[in-house]
Amino acid sequence: MTSAFTDALAWLTVGLFAAAVAYDWYEGERGRGRARYLAAASWVVFGVFWAALFPHFAFEQRSFIEGALSFAALPACLYAAYLLVDGRETLFLLSRAVAIMGLIYLPFTMITPAKHLLIETVAAQGAFVMDAMGYEFEVINHGREIQGTYLFVHPTKGEFTTNVLLACTGLGSMAIFGGLIGAVRAPLGRKLRALAIAIPVIWGLNLVRVVFITLAFSFQWFQIFVDPISGLVGYQNPNMVSYFISDRVLAQSLSVVALVGIAWAVAREVPELLTVAEDVLYIATGDDYDLHDAVGTDRPVRADGNGEKR
């Protein structure tokens, strides 16, 4: 589980990013130098936040992909902070996006009725799909008065339960695209069309993910290399291997591919997002890429008439 420390870091990060963005907007070109330092400090705190989550992802969740990404996030965030101080002003767009992402996601972690409603909605829709497929199961409470646990009875191995948690709702991915689309300066119509592409696709693919993991675990579809995987990951229960392969390996890997595909589709509607992709690629590789030229779109123009500065 995440801790009160990481929760506090999350809110501090979002607050700092929001303050930096607000200061940049209020002061304009006169205050961008000071806002740059505030945004850089936000990236440093953001990096510490991900570093603090590394043990949770790597050792508690046993997720190699999330663990590796959280481990790499600290140096990436520190580098982003350095680039901001050094004058790469396009990173203000990514800073705005992070602030909006947090404001979308974090309330669901704090407002219990909203959190329960989202979890139960996903669980109910997953149950509808599996019922339509002819499977027999129950939806029960998973200890917190949430109707969000699937109970299956395996023909030879007994009962299997799969909990739908907040992380299983697709909220994180929807917050990412909501933040990115909300951060860019583009006509409202194009933003709404981009959201109409991203949100339903994410919701639908996430529902497929929930159903797939539940069935794979409940019917033990991937009981292969049981002893080596159990020893590597540290599972005491060998039945968890099917869960590990279906979720931590297959679903998470395919989720990365799906998010890249969704990002490409959204960027065709809102090409201003390519500036964010260019900055991410620069942080990752140290090389500049002109994705706007690659797809034949113009670089965004700021209100003062100048193109976004790097």
# chains A, B, ... in the order shown; residues from 1 in each chain; ligands from 1

call {"tool": "closest_atom_pairs", "arguments": {"of": "stretch 167-241 of chain A", "to": "stretch 274-295 of chain A", "cutoff": "12 Å", "atoms": "only C-alpha atoms", "output": "JSON lines"}}
result
{"residue": "A:Phe177", "atom": "CA", "partner": "A:Val276", "partner_atom": "CA", "distance": 11.7}
{"residue": "A:Gly179", "atom": "CA", "partner": "A:Val276", "partner_atom": "CA", "distance": 11.5}
{"residue": "A:Leu180", "atom": "CA", "partner": "A:Val276", "partner_atom": "CA", "distance": 8.3}
{"residue": "A:Ile181", "atom": "CA", "partner": "A:Val276", "partner_atom": "CA", "distance": 10.6}
{"residue": "A:Ala183", "atom": "CA", "partner": "A:Val276", "partner_atom": "CA", "distance": 10.1}
{"residue": "A:Val184", "atom": "CA", "partner": "A:Val276", "partner_atom": "CA", "distance": 9.3}
{"residue": "A:Arg185", "atom": "CA", "partner": "A:Thr275", "partner_atom": "CA", "distance": 11.4}

call {"tool": "residues_around", "arguments": {"residues": "A:Phe92", "least_positions_apart": "6", "cutoff": "9 Å", "atoms": "only C-alpha atoms", "output": "ChimeraX atom specification"}}
result
/A:20-21,24,36,39,84

call {"tool": "closest_residue", "arguments": {"among": "A:Leu103, A:Ala73, A:Ala68, A:Val129", "to": "A:Val44", "atoms": "only C-alpha atoms"}}
result
A:Ala73

call {"tool": "residues_around", "arguments": {"residues": "A:Ala51", "least_positions_apart": "4", "cutoff": "12 Å", "atoms": "only C-alpha atoms", "output": "list in words"}}
result
Phe5, Thr6, Leu9, Ala10, Val44, Val45, Phe46, Gly47, Pro55, His56, Phe57, Ala58, Glu66, Gly67, Ala68, Leu69, Ser70, Phe71, Ala72, Ala73, Leu74, Pro75, Ala76, Cys77 and Leu78 of chain A

call {"tool": "select_by_dssp", "arguments": {"residues": "stretch 40-262 of chain A", "states": "strand (DSSP E)", "output": "ChimeraX atom specification"}}
result
/A:138-141,147-154,158-163

call {"tool": "write_last_selection", "arguments": {"atoms": "N, CA, C and O atoms", "output": "mmCIF file, in the first residue's frame"}}
result
data_model
loop_
_atom_site.group_PDB
_atom_site.id
_atom_site.type_symbol
_atom_site.label_atom_id
_atom_site.label_comp_id
_atom_site.auth_asym_id
_atom_site.auth_seq_id
_atom_site.Cartn_x
_atom_site.Cartn_y
_atom_site.Cartn_z
ATOM 1 N N GLU A 138 -19.613 -15.135 -8.507
ATOM 2 C CA GLU A 138 -20.322 -14.183 -7.662
ATOM 3 C C GLU A 138 -19.520 -12.894 -7.582
ATOM 4 O O GLU A 138 -18.291 -12.905 -7.712
ATOM 5 N N VAL A 139 -20.226 -11.788 -7.361
ATOM 6 C CA VAL A 139 -19.572 -10.514 -7.044
ATOM 7 C C VAL A 139 -19.843 -10.242 -5.569
ATOM 8 O O VAL A 139 -21.002 -10.133 -5.154
ATOM 9 N N ILE A 140 -18.792 -10.157 -4.782
ATOM 10 C CA ILE A 140 -18.928 -10.005 -3.332
ATOM 11 C C ILE A 140 -18.152 -8.788 -2.853
ATOM 12 O O ILE A 140 -17.382 -8.161 -3.623
ATOM 13 N N ASN A 141 -18.336 -8.431 -1.599
ATOM 14 C CA ASN A 141 -17.553 -7.356 -0.985
ATOM 15 C C ASN A 141 -16.118 -7.815 -0.767
ATOM 16 O O ASN A 141 -15.871 -8.982 -0.466
ATOM 17 N N GLN A 147 -18.690 -3.567 -3.537
ATOM 18 C CA GLN A 147 -19.041 -4.718 -4.360
ATOM 19 C C GLN A 147 -18.064 -4.768 -5.529
ATOM 20 O O GLN A 147 -18.370 -4.366 -6.641
ATOM 21 N N GLY A 148 -16.874 -5.294 -5.258
ATOM 22 C CA GLY A 148 -15.831 -5.254 -6.272
ATOM 23 C C GLY A 148 -14.913 -6.448 -6.273
ATOM 24 O O GLY A 148 -13.763 -6.334 -6.708
ATOM 25 N N THR A 149 -15.388 -7.603 -5.804
ATOM 26 C CA THR A 149 -14.569 -8.814 -5.807
ATOM 27 C C THR A 149 -15.290 -9.920 -6.568
ATOM 28 O O THR A 149 -16.461 -10.192 -6.315
ATOM 29 N N TYR A 150 -14.575 -10.545 -7.512
ATOM 30 C CA TYR A 150 -15.124 -11.675 -8.255
ATOM 31 C C TYR A 150 -14.721 -12.972 -7.550
ATOM 32 O O TYR A 150 -13.535 -13.189 -7.264
ATOM 33 N N LEU A 151 -15.691 -13.821 -7.268
ATOM 34 C CA LEU A 151 -15.451 -15.111 -6.632
ATOM 35 C C LEU A 151 -15.762 -16.218 -7.630
ATOM 36 O O LEU A 151 -16.913 -16.395 -8.045
ATOM 37 N N PHE A 152 -14.719 -16.942 -8.028
ATOM 38 C CA PHE A 152 -14.862 -18.093 -8.917
ATOM 39 C C PHE A 152 -14.495 -19.359 -8.156
ATOM 40 O O PHE A 152 -13.652 -19.335 -7.252
ATOM 41 N N VAL A 153 -15.107 -20.467 -8.536
ATOM 42 C CA VAL A 153 -14.769 -21.770 -7.962
ATOM 43 C C VAL A 153 -14.126 -22.621 -9.053
ATOM 44 O O VAL A 153 -14.779 -23.010 -10.021
ATOM 45 N N HIS A 154 -12.812 -22.861 -8.899
ATOM 46 C CA HIS A 154 -12.073 -23.683 -9.859
ATOM 47 C C HIS A 154 -12.507 -25.145 -9.693
ATOM 48 O O HIS A 154 -12.722 -25.612 -8.566
ATOM 49 N N GLY A 158 -10.372 -25.140 -5.997
ATOM 50 C CA GLY A 158 -11.122 -24.392 -4.999
ATOM 51 C C GLY A 158 -11.454 -22.969 -5.420
ATOM 52 O O GLY A 158 -11.563 -22.663 -6.609
ATOM 53 N N GLU A 159 -11.614 -22.078 -4.411
ATOM 54 C CA GLU A 159 -12.075 -20.718 -4.668
ATOM 55 C C GLU A 159 -10.926 -19.783 -5.047
ATOM 56 O O GLU A 159 -9.826 -19.865 -4.496
ATOM 57 N N PHE A 160 -11.240 -18.875 -5.990
ATOM 58 C CA PHE A 160 -10.305 -17.820 -6.386
ATOM 59 C C PHE A 160 -11.044 -16.483 -6.343
ATOM 60 O O PHE A 160 -12.155 -16.371 -6.877
ATOM 61 N N THR A 161 -10.442 -15.504 -5.696
ATOM 62 C CA THR A 161 -11.048 -14.169 -5.641
ATOM 63 C C THR A 161 -10.124 -13.161 -6.294
ATOM 64 O O THR A 161 -8.896 -13.201 -6.123
ATOM 65 N N THR A 162 -10.709 -12.241 -7.048
ATOM 66 C CA THR A 162 -9.968 -11.167 -7.709
ATOM 67 C C THR A 162 -10.617 -9.846 -7.334
ATOM 68 O O THR A 162 -11.808 -9.639 -7.596
ATOM 69 N N ASN A 163 -9.850 -8.950 -6.737
ATOM 70 C CA ASN A 163 -10.362 -7.653 -6.312
ATOM 71 C C ASN A 163 -10.198 -6.600 -7.397
ATOM 72 O O ASN A 163 -9.134 -6.504 -8.022
#

call {"tool": "atom_distance", "arguments": {"atom1": "atom CA of A:Phe217", "atom2": "atom CA of A:Val249"}}
result
13.0 Å

call {"tool": "select_by_dssp", "arguments": {"residues": "stretch 39-285 of chain A", "states": "alpha helix (DSSP H)", "output": "VMD selection string"}}
result
chain A and resid 39 to 55 64 to 85 91 to 110 112 to 132 171 to 183 188 to 218 226 to 233 240 to 243 252 to 269 274 to 285

call {"tool": "residues_around", "arguments": {"residues": "A:His116", "least_positions_apart": "6", "cutoff": "12 Å", "atoms": "only C-alpha atoms", "output": "PyMOL selection string"}}
result
chain A and resi 108-110+122-124+141-142+144-148+164-166+169

call {"tool": "residues_around", "arguments": {"residues": "A:Met240", "least_positions_apart": "2", "cutoff": "10 Å", "atoms": "only C-alpha atoms", "output": "tab-separated table (two decimals) with N, CA, C and O atoms, in the first residue's frame"}}
result
chain	number	residue	atom	x	y	z
A	217	PHE	N	-6.54	-15.82	-13.97
A	217	PHE	CA	-6.18	-16.22	-12.61
A	217	PHE	C	-7.15	-17.27	-12.08
A	217	PHE	O	-6.73	-18.30	-11.53
A	218	SER	N	-8.43	-17.05	-12.28
A	218	SER	CA	-9.44	-17.95	-11.71
A	218	SER	C	-9.40	-19.34	-12.32
A	218	SER	O	-9.72	-20.33	-11.65
A	220	GLN	N	-6.56	-20.47	-13.92
A	220	GLN	CA	-5.16	-20.91	-13.93
A	220	GLN	C	-4.65	-21.18	-15.35
A	220	GLN	O	-4.10	-22.24	-15.65
A	222	PHE	N	-2.17	-19.77	-16.98
A	222	PHE	CA	-0.74	-19.59	-17.27
A	222	PHE	C	0.15	-20.22	-16.19
A	222	PHE	O	1.12	-19.61	-15.74
A	223	GLN	N	-0.17	-21.43	-15.81
A	223	GLN	CA	0.66	-22.12	-14.82
A	223	GLN	C	1.86	-22.78	-15.52
A	223	GLN	O	1.96	-23.98	-15.67
A	226	VAL	N	6.29	-22.66	-13.06
A	226	VAL	CA	5.74	-22.27	-11.76
A	226	VAL	C	6.83	-22.09	-10.71
A	226	VAL	O	6.88	-21.06	-10.03
A	229	ILE	N	9.31	-19.02	-11.48
A	229	ILE	CA	8.64	-17.72	-11.34
A	229	ILE	C	8.29	-17.46	-9.88
A	229	ILE	O	8.49	-16.35	-9.37
A	230	SER	N	7.78	-18.49	-9.18
A	230	SER	CA	7.46	-18.31	-7.76
A	230	SER	C	8.69	-17.95	-6.96
A	230	SER	O	8.66	-17.08	-6.08
A	233	VAL	N	9.80	-14.21	-8.01
A	233	VAL	CA	8.91	-13.14	-7.56
A	233	VAL	C	8.67	-13.21	-6.05
A	233	VAL	O	8.37	-12.19	-5.42
A	235	TYR	N	6.48	-15.61	-4.54
A	235	TYR	CA	5.13	-16.07	-4.21
A	235	TYR	C	5.19	-17.34	-3.36
A	235	TYR	O	5.88	-18.30	-3.71
A	236	GLN	N	4.45	-17.34	-2.26
A	236	GLN	CA	4.30	-18.55	-1.46
A	236	GLN	C	3.24	-19.46	-2.06
A	236	GLN	O	3.31	-20.68	-1.93
A	237	ASN	N	2.25	-18.84	-2.72
A	237	ASN	CA	1.16	-19.59	-3.35
A	237	ASN	C	1.47	-19.76	-4.84
A	237	ASN	O	1.45	-18.78	-5.58
A	238	PRO	N	1.74	-20.97	-5.30
A	238	PRO	CA	2.09	-21.16	-6.72
A	238	PRO	C	0.96	-20.80	-7.67
A	238	PRO	O	1.21	-20.54	-8.86
A	242	SER	N	-0.26	-17.58	-12.48
A	242	SER	CA	-1.17	-17.17	-13.57
A	242	SER	C	-1.54	-15.70	-13.45
A	242	SER	O	-1.66	-14.99	-14.46
A	243	TYR	N	-1.71	-15.23	-12.21
A	243	TYR	CA	-2.00	-13.80	-12.01
A	243	TYR	C	-0.80	-12.96	-12.43
A	243	TYR	O	-0.95	-11.94	-13.12
A	244	PHE	N	0.39	-13.37	-12.04
A	244	PHE	CA	1.59	-12.62	-12.37
A	244	PHE	C	1.77	-12.50	-13.88
A	244	PHE	O	2.03	-11.41	-14.40
A	245	ILE	N	1.64	-13.62	-14.58
A	245	ILE	CA	1.85	-13.58	-16.03
A	245	ILE	C	0.77	-12.78	-16.73
A	245	ILE	O	1.05	-11.96	-17.62
A	246	SER	N	-0.49	-12.98	-16.33
A	246	SER	CA	-1.58	-12.29	-17.02
A	246	SER	C	-1.58	-10.80	-16.74
A	246	SER	O	-1.84	-10.00	-17.66

call {"tool": "atom_distance", "arguments": {"atom1": "atom CA of A:Gly102", "atom2": "atom CA of A:Trp50"}}
result
13.6 Å
